[in-house]
>>> print(open('my_file.cif').read())   # mmCIF, C-alpha atoms and all ligand atoms
data_input
#
loop_
_atom_site.group_PDB
_atom_site.id
_atom_site.type_symbol
_atom_site.label_atom_id
_atom_site.label_comp_id
_atom_site.auth_asym_id
_atom_site.auth_seq_id
_atom_site.Cartn_x
_atom_site.Cartn_y
_atom_site.Cartn_z
ATOM 1 C CA MET G 1 114.577 115.129 68.617
ATOM 2 C CA PRO G 2 117.087 116.223 71.237
ATOM 3 C CA THR G 3 120.301 114.232 71.263
ATOM 4 C CA PRO G 4 121.183 112.668 74.588
ATOM 5 C CA PHE G 5 124.835 113.590 74.302
ATOM 6 C CA SER G 6 125.786 115.939 77.085
ATOM 7 C CA LEU G 7 126.309 119.562 76.189
ATOM 8 C CA LEU G 8 130.048 119.117 76.605
ATOM 9 C CA GLU G 9 130.093 116.003 74.437
ATOM 10 C CA ARG G 10 128.114 117.824 71.757
ATOM 11 C CA ARG G 11 130.523 120.744 71.820
ATOM 12 C CA ILE G 12 133.498 118.422 71.563
ATOM 13 C CA LEU G 13 131.932 116.501 68.703
ATOM 14 C CA ASN G 14 131.055 119.769 66.964
ATOM 15 C CA ALA G 15 134.652 120.852 67.366
ATOM 16 C CA LYS G 16 135.787 117.605 65.763
ATOM 17 C CA GLY G 17 133.676 118.409 62.735
ATOM 18 C CA VAL G 18 130.426 116.578 63.489
ATOM 19 C CA SER G 19 127.427 118.701 62.569
ATOM 20 C CA ASP G 20 124.264 118.878 64.669
ATOM 21 C CA ASP G 21 122.442 117.065 61.920
ATOM 22 C CA GLN G 22 125.012 114.266 62.005
ATOM 23 C CA LEU G 23 124.763 114.137 65.789
ATOM 24 C CA GLU G 24 121.080 113.507 65.452
ATOM 25 C CA ARG G 25 121.620 110.740 62.953
ATOM 26 C CA LEU G 26 124.234 109.185 65.234
ATOM 27 C CA HIS G 27 121.556 109.153 67.881
ATOM 28 C CA GLU G 28 119.136 107.449 65.523
ATOM 29 C CA LEU G 29 121.806 104.807 64.957
ATOM 30 C CA GLY G 30 121.898 104.252 68.696
ATOM 31 C CA ILE G 31 125.062 106.177 69.414
ATOM 32 C CA ALA G 32 123.999 108.368 72.267
ATOM 33 C CA ALA G 33 127.024 108.732 74.489
ATOM 34 C CA ARG G 34 130.752 108.685 74.344
ATOM 35 C CA GLU G 35 130.827 105.045 75.460
ATOM 36 C CA ASP G 36 128.801 103.989 72.443
ATOM 37 C CA PHE G 37 131.767 104.836 70.253
ATOM 38 C CA VAL G 38 133.621 102.090 72.090
ATOM 39 C CA THR G 39 131.153 99.623 70.599
ATOM 40 C CA VAL G 40 131.681 101.164 67.184
ATOM 41 C CA GLY G 41 135.343 100.496 67.784
ATOM 42 C CA ASP G 42 137.103 102.053 64.814
ATOM 43 C CA PRO G 43 136.766 104.966 62.386
ATOM 44 C CA GLU G 44 136.097 102.639 59.483
ATOM 45 C CA THR G 45 132.944 101.292 61.108
ATOM 46 C CA LEU G 46 131.812 104.778 62.021
ATOM 47 C CA VAL G 47 132.099 105.866 58.396
ATOM 48 C CA GLU G 48 130.182 102.789 57.314
ATOM 49 C CA LEU G 49 127.382 103.847 59.639
ATOM 50 C CA LEU G 50 127.483 107.503 58.657
ATOM 51 C CA PRO G 51 129.287 107.842 55.305
ATOM 52 C CA ASP G 52 129.084 111.628 55.021
ATOM 53 C CA LEU G 53 131.044 111.985 58.231
ATOM 54 C CA GLY G 54 134.256 111.384 56.350
ATOM 55 C CA ALA G 55 137.248 109.339 57.419
ATOM 56 C CA GLU G 56 139.133 112.260 58.879
ATOM 57 C CA VAL G 57 136.368 113.409 61.210
ATOM 58 C CA ALA G 58 135.609 109.804 62.154
ATOM 59 C CA GLY G 59 139.257 109.315 63.030
ATOM 60 C CA ARG G 60 139.270 112.376 65.255
ATOM 61 C CA VAL G 61 136.042 111.353 66.966
ATOM 62 C CA LEU G 62 137.292 107.841 67.688
ATOM 63 C CA ALA G 63 140.660 109.120 68.859
ATOM 64 C CA TRP G 64 138.777 111.198 71.405
ATOM 65 C CA ALA G 65 136.232 108.566 72.373
ATOM 66 C CA LEU G 66 138.767 105.771 72.808
ATOM 67 C CA PRO G 67 141.447 107.434 74.919
ATOM 68 C CA ALA G 68 142.899 104.204 76.225
ATOM 69 C CA ALA G 69 143.041 102.526 72.854
ATOM 70 C CA LEU G 70 146.254 101.084 71.574
ATOM 71 C CA PRO G 71 149.028 103.655 71.442
ATOM 72 C CA SER G 72 149.516 102.788 67.800
ATOM 73 C CA ALA G 73 145.937 103.356 66.738
ATOM 74 C CA ALA G 74 147.224 103.406 63.200
ATOM 75 C CA ALA G 75 148.043 99.708 63.361
ATOM 76 C CA PRO G 76 145.942 98.026 60.711
ATOM 77 C CA LEU G 77 142.984 96.290 62.233
ATOM 78 C CA ASP G 78 142.202 92.838 61.046
ATOM 79 C CA THR G 79 138.933 93.872 59.540
ATOM 80 C CA ALA G 80 137.839 90.635 57.952
ATOM 81 C CA PRO G 81 135.318 88.994 60.245
ATOM 82 C CA LEU G 82 135.327 85.247 59.778
ATOM 83 C CA ASN G 83 131.677 84.718 59.005
ATOM 84 C CA GLY G 84 130.451 88.189 58.271
ATOM 85 C CA ALA G 85 129.438 88.678 61.867
ATOM 86 C CA PRO G 86 130.434 92.050 63.209
ATOM 87 C CA THR G 87 133.332 91.849 65.593
ATOM 88 C CA LEU G 88 132.509 93.949 68.586
ATOM 89 C CA ALA G 89 135.733 93.342 70.428
ATOM 90 C CA SER G 90 136.603 96.567 72.152
ATOM 91 C CA PRO G 91 140.071 97.876 71.463
ATOM 92 C CA LEU G 92 140.114 99.006 75.070
ATOM 93 C CA ILE G 93 140.822 95.488 76.221
ATOM 94 C CA VAL G 94 143.567 94.900 73.709
ATOM 95 C CA ASN G 95 146.316 96.512 75.717
ATOM 96 C CA THR G 96 148.877 93.924 74.797
ATOM 97 C CA SER G 97 151.611 95.162 77.087
ATOM 98 C CA ASP G 98 150.940 95.774 80.739
ATOM 99 C CA ALA G 99 151.121 99.507 80.131
ATOM 100 C CA VAL G 100 149.300 101.562 82.735
ATOM 101 C CA TYR G 101 147.093 104.451 81.693
ATOM 102 C CA CYS G 102 146.119 107.149 84.175
ATOM 103 C CA VAL G 103 142.460 106.872 85.171
ATOM 104 C CA HIS G 104 142.226 110.669 85.330
ATOM 105 C CA CYS G 105 143.953 111.858 82.180
ATOM 106 C CA GLN G 106 144.604 108.596 80.262
ATOM 107 C CA PHE G 107 148.281 109.425 80.071
ATOM 108 C CA LYS G 108 150.431 106.360 79.438
ATOM 109 C CA GLN G 109 152.771 105.893 82.363
ATOM 110 C CA PRO G 110 156.522 105.525 81.828
ATOM 111 C CA LYS G 111 158.226 102.144 81.843
ATOM 112 C CA ASP G 112 159.528 102.589 85.386
ATOM 113 C CA TYR G 113 156.018 103.158 86.701
ATOM 114 C CA GLY G 114 155.352 101.253 89.906
ATOM 115 C CA VAL G 115 152.009 100.421 91.481
ATOM 116 C CA GLY G 116 150.889 103.359 93.582
ATOM 117 C CA ASP G 117 152.951 105.969 91.746
ATOM 118 C CA LEU G 118 151.403 109.289 90.909
ATOM 119 C CA CYS G 119 150.663 110.034 87.268
ATOM 120 C CA SER G 120 153.659 111.665 85.654
ATOM 121 C CA ASN G 121 151.318 113.886 83.668
ATOM 122 C CA CYS G 122 148.584 115.083 86.035
ATOM 123 C CA GLY G 123 150.027 114.182 89.431
ATOM 124 C CA LEU G 124 147.016 112.197 90.648
ATOM 125 C CA GLN G 125 147.126 108.550 91.655
ATOM 126 C CA ALA G 126 147.301 106.889 88.257
ATOM 127 C CA GLU G 127 145.388 103.765 89.203
ATOM 128 C CA PRO G 128 142.076 103.560 91.042
ATOM 129 C CA ILE G 129 142.170 102.518 94.671
ATOM 130 C CA GLU G 130 140.403 99.197 95.035
ATOM 131 C CA THR G 131 139.085 97.522 98.134
ATOM 132 C CA CYS G 132 140.059 93.927 98.742
ATOM 133 C CA TYR G 133 137.096 91.538 99.026
ATOM 134 C CA TRP G 134 139.222 89.183 101.061
ATOM 135 C CA CYS G 135 140.985 91.213 103.749
ATOM 136 C CA ALA G 136 139.205 94.591 103.316
ATOM 137 C CA SER G 137 142.423 96.535 102.951
ATOM 138 C CA SER G 138 142.614 98.869 99.992
ATOM 139 C CA GLY G 139 145.239 99.998 97.551
ATOM 140 C CA PRO G 140 146.037 100.650 93.919
ATOM 141 C CA GLY G 141 146.928 98.113 91.287
ATOM 142 C CA LYS G 142 145.495 94.784 90.256
ATOM 143 C CA PHE G 143 146.359 92.799 93.358
ATOM 144 C CA CYS G 144 145.929 93.356 97.087
ATOM 145 C CA ARG G 145 149.314 94.071 98.575
ATOM 146 C CA VAL G 146 148.292 92.630 101.932
ATOM 147 C CA CYS G 147 146.864 89.247 100.998
ATOM 148 C CA GLY G 148 147.611 88.978 97.279
ATOM 149 C CA ALA G 149 144.006 88.629 96.150
ATOM 150 C CA GLN G 150 143.273 89.834 92.641
ATOM 151 C CA PHE G 151 140.977 92.853 92.924
ATOM 152 C CA VAL G 152 137.576 92.658 91.298
ATOM 153 C CA SER G 153 135.869 95.702 89.840
ATOM 154 C CA THR G 154 134.365 98.023 92.438
ATOM 155 C CA ALA G 155 130.958 97.426 90.915
ATOM 156 C CA GLU G 156 131.201 93.737 91.744
ATOM 157 C CA LEU G 157 132.729 94.010 95.182
ATOM 158 C CA SER G 158 129.459 93.027 96.850
ATOM 159 C CA LEU G 159 129.271 89.906 94.723
ATOM 160 C CA ALA G 160 132.833 88.980 95.631
ATOM 161 C CA LEU G 161 132.029 89.400 99.325
ATOM 162 C CA LEU G 162 129.042 87.142 98.901
ATOM 163 C CA LEU G 163 131.122 84.455 97.199
ATOM 164 C CA ARG G 164 133.599 84.721 100.027
ATOM 165 C CA ARG G 165 130.822 84.103 102.556
ATOM 166 C CA ASP G 166 129.801 81.144 100.425
ATOM 167 C CA GLY G 167 133.224 79.682 101.042
ATOM 168 C CA VAL G 168 134.678 80.190 97.563
ATOM 169 C CA ALA G 169 138.479 80.183 97.719
ATOM 170 C CA LYS G 170 140.276 83.492 97.444
ATOM 171 C CA ASP G 171 141.859 82.894 94.072
ATOM 172 C CA ASP G 172 138.698 81.371 92.646
ATOM 173 C CA ILE G 173 136.524 84.409 93.313
ATOM 174 C CA PRO G 174 137.705 86.629 90.407
ATOM 175 C CA ARG G 175 137.615 83.647 88.058
ATOM 176 C CA LYS G 176 134.154 82.696 89.202
ATOM 177 C CA LEU G 177 132.867 86.251 88.773
ATOM 178 C CA ASP G 178 134.278 86.291 85.249
ATOM 179 C CA ALA G 179 132.590 83.041 84.433
ATOM 180 C CA LEU G 180 129.113 83.998 85.648
ATOM 181 C CA ASN G 181 126.618 84.970 83.008
ATOM 182 C CA ALA G 182 124.195 87.868 83.383
ATOM 183 C CA SER G 183 121.335 85.909 84.895
ATOM 184 C CA GLU G 184 123.599 84.148 87.359
ATOM 185 C CA LYS G 185 124.891 87.533 88.424
ATOM 186 C CA ASP G 186 121.333 88.808 88.753
ATOM 187 C CA ALA G 187 120.582 85.924 91.087
ATOM 188 C CA LEU G 188 123.602 86.806 93.195
ATOM 189 C CA TRP G 189 122.588 90.457 93.290
ATOM 190 C CA GLY G 190 119.187 89.313 94.531
ATOM 191 C CA ARG G 191 120.908 87.584 97.429
ATOM 192 C CA VAL G 192 123.040 90.674 98.113
ATOM 193 C CA ARG G 193 119.904 92.818 98.307
ATOM 194 C CA ARG G 194 118.100 90.364 100.568
ATOM 195 C CA ALA G 195 121.113 90.252 102.869
ATOM 196 C CA ARG G 196 120.894 94.034 103.245
ATOM 197 C CA LEU G 197 117.290 94.011 104.375
HETATM 198 ZN ZN ZN L 201 147.051 111.550 84.952
HETATM 199 ZN ZN ZN L 202 143.599 91.588 100.614
#
>>> encode(input="my_file.cif", output="structure tokens", more="lines below")
Ligand SMILES: [Zn+2]
Ligand SMILES: [Zn+2]
Amino acid sequence: MPTPFSLLERRILNAKGVSDDQLERLHELGIAAREDFVTVGDPETLVELLPDLGAEVAGRVLAWALPAALPSAAAPLDTAPLNGAPTLASPLIVNTSDAVYCVHCQFKQPKDYGVGDLCSNCGLQAEPIETCYWCASSGPGKFCRVCGAQFVSTAELSLALLLRRDGVAKDDIPRKLDALNASEKDALWGRVRRARL
């Protein structure tokens, strides 16, 4: 069975000490791309899934797959789930400080980083440029510098525009998008598609 990892991903994983046989078993476990390691979340869980991988290799794999994880990845994770349910919280969201990581090279920006600065490591714009759903200007950072709206993810820009046409207030749009469940979003996407016809 061919593994769906890209050639580059396979080479990287090989270099980290994962054998082709282990790659295939990762695939059988449902780990088929770099992002799937985000769901796995930590080396401990990876070893539980694939014991012969070994803690060291698992650590290297997760360090690679979770580039934006906490700077102190060694910080002990609270591994005791309350009711035995697996905790799937992604460490990617647990950036406690407001540290900024370059979208191109994941380099953590220095303390004096300001919105719009170039990455001090690779020289590219460290943050993605977002388009404002409210005033249609664009810029880096989390908030529109023209009207102050909180940017929504690019993938959901169309939904935000739709909510705006619906008369939802500027500051309520990101909150509302966050609060929608999958089927409510599907319904909105249906309206977006119909509006394009
Ligand atoms: Zn960079
Ligand atoms: Zn704006």
>>> residues_near_point(input="my_file.cif", point="(137.6, 105.3, 70.1)", cutoff="6 Å", atoms="all atoms listed in the file", output="list in words")
Phe37, Val38, Gly41, Leu62, Ala63, Ala65 and Leu66 of chain G
>>> closest_atom_pairs(input="my_file.cif", of="chain G", to="ligand ZN 202 (chain L)", cutoff="6 Å", atoms="all atoms listed in the file", output="Markdown table")
| residue | atom | partner | partner_atom | distance |
| --- | --- | --- | --- | --- |
| G:Cys132 | CA | L:ZN202 | ZN | 4.6 |
| G:Trp134 | CA | L:ZN202 | ZN | 5.0 |
| G:Cys135 | CA | L:ZN202 | ZN | 4.1 |
| G:Ala136 | CA | L:ZN202 | ZN | 6.0 |
| G:Ser137 | CA | L:ZN202 | ZN | 5.6 |
| G:Cys144 | CA | L:ZN202 | ZN | 4.6 |
| G:Val146 | CA | L:ZN202 | ZN | 5.0 |
| G:Cys147 | CA | L:ZN202 | ZN | 4.0 |
| G:Gly148 | CA | L:ZN202 | ZN | 5.8 |
| G:Ala149 | CA | L:ZN202 | ZN | 5.4 |
>>> resolve_selection(input="my_file.cif", expression="the PyMOL selection byres (((chain G and resi 195-197) around 12) and not hetatm)", output="ChimeraX atom specification")
/G:158-159,161-162,165,188-194
>>> residues_near_ligand(input="my_file.cif", ligand="ligand ZN 201 (chain L)", cutoff="8 Å", atoms="all atoms listed in the file", output="ChimeraX atom specification")
/G:101-107,118-126
>>> closest_residue(input="my_file.cif", among="G:Arg164, G:Arg60, G:Arg10, G:Lys170", to="Arg34 in chain G", atoms="only C-alpha atoms")
G:Arg10
>>> axis_aligned_box(input="my_file.cif", around="range 183-195 of chain G", padding_each_side="3 Å", output="lines of an AutoDock Vina configuration file")
center_x = 121.5
center_y = 88.5
center_z = 93.9
size_x = 12.8
size_y = 14.7
size_z = 24.0
>>> atom_distance(input="my_file.cif", atom1="CA of Asp178 in chain G", atom2="CA of Asp36 in chain G")
22.5 Å
>>> closest_residue(input="my_file.cif", among="G:Lys185, G:Glu9, G:Glu127, G:Pro140", to="Lys108 in chain G", atoms="only C-alpha atoms")
G:Glu127
>>> resolve_selection(input="my_file.cif", expression="the PyMOL selection byres (((chain G and resi 22) around 12) and not hetatm)", output="VMD selection string")
chain G and resid 3 10 13 to 14 16 to 21 23 to 29 31 to 32 46 to 47 49 to 54 57 to 58
>>> closest_residue(input="my_file.cif", among="G:Ile129, G:Val168, G:Ala182, G:Leu163", to="Phe151 in chain G", atoms="all atoms listed in the file")
G:Ile129
>>> atom_distance(input="my_file.cif", atom1="CA of Asp166 in chain G", atom2="CA of Thr154 in chain G")
19.2 Å
>>> atom_distance(input="my_file.cif", atom1="CA of Tyr113 in chain G", atom2="CA of Lys142 in chain G")
13.9 Å
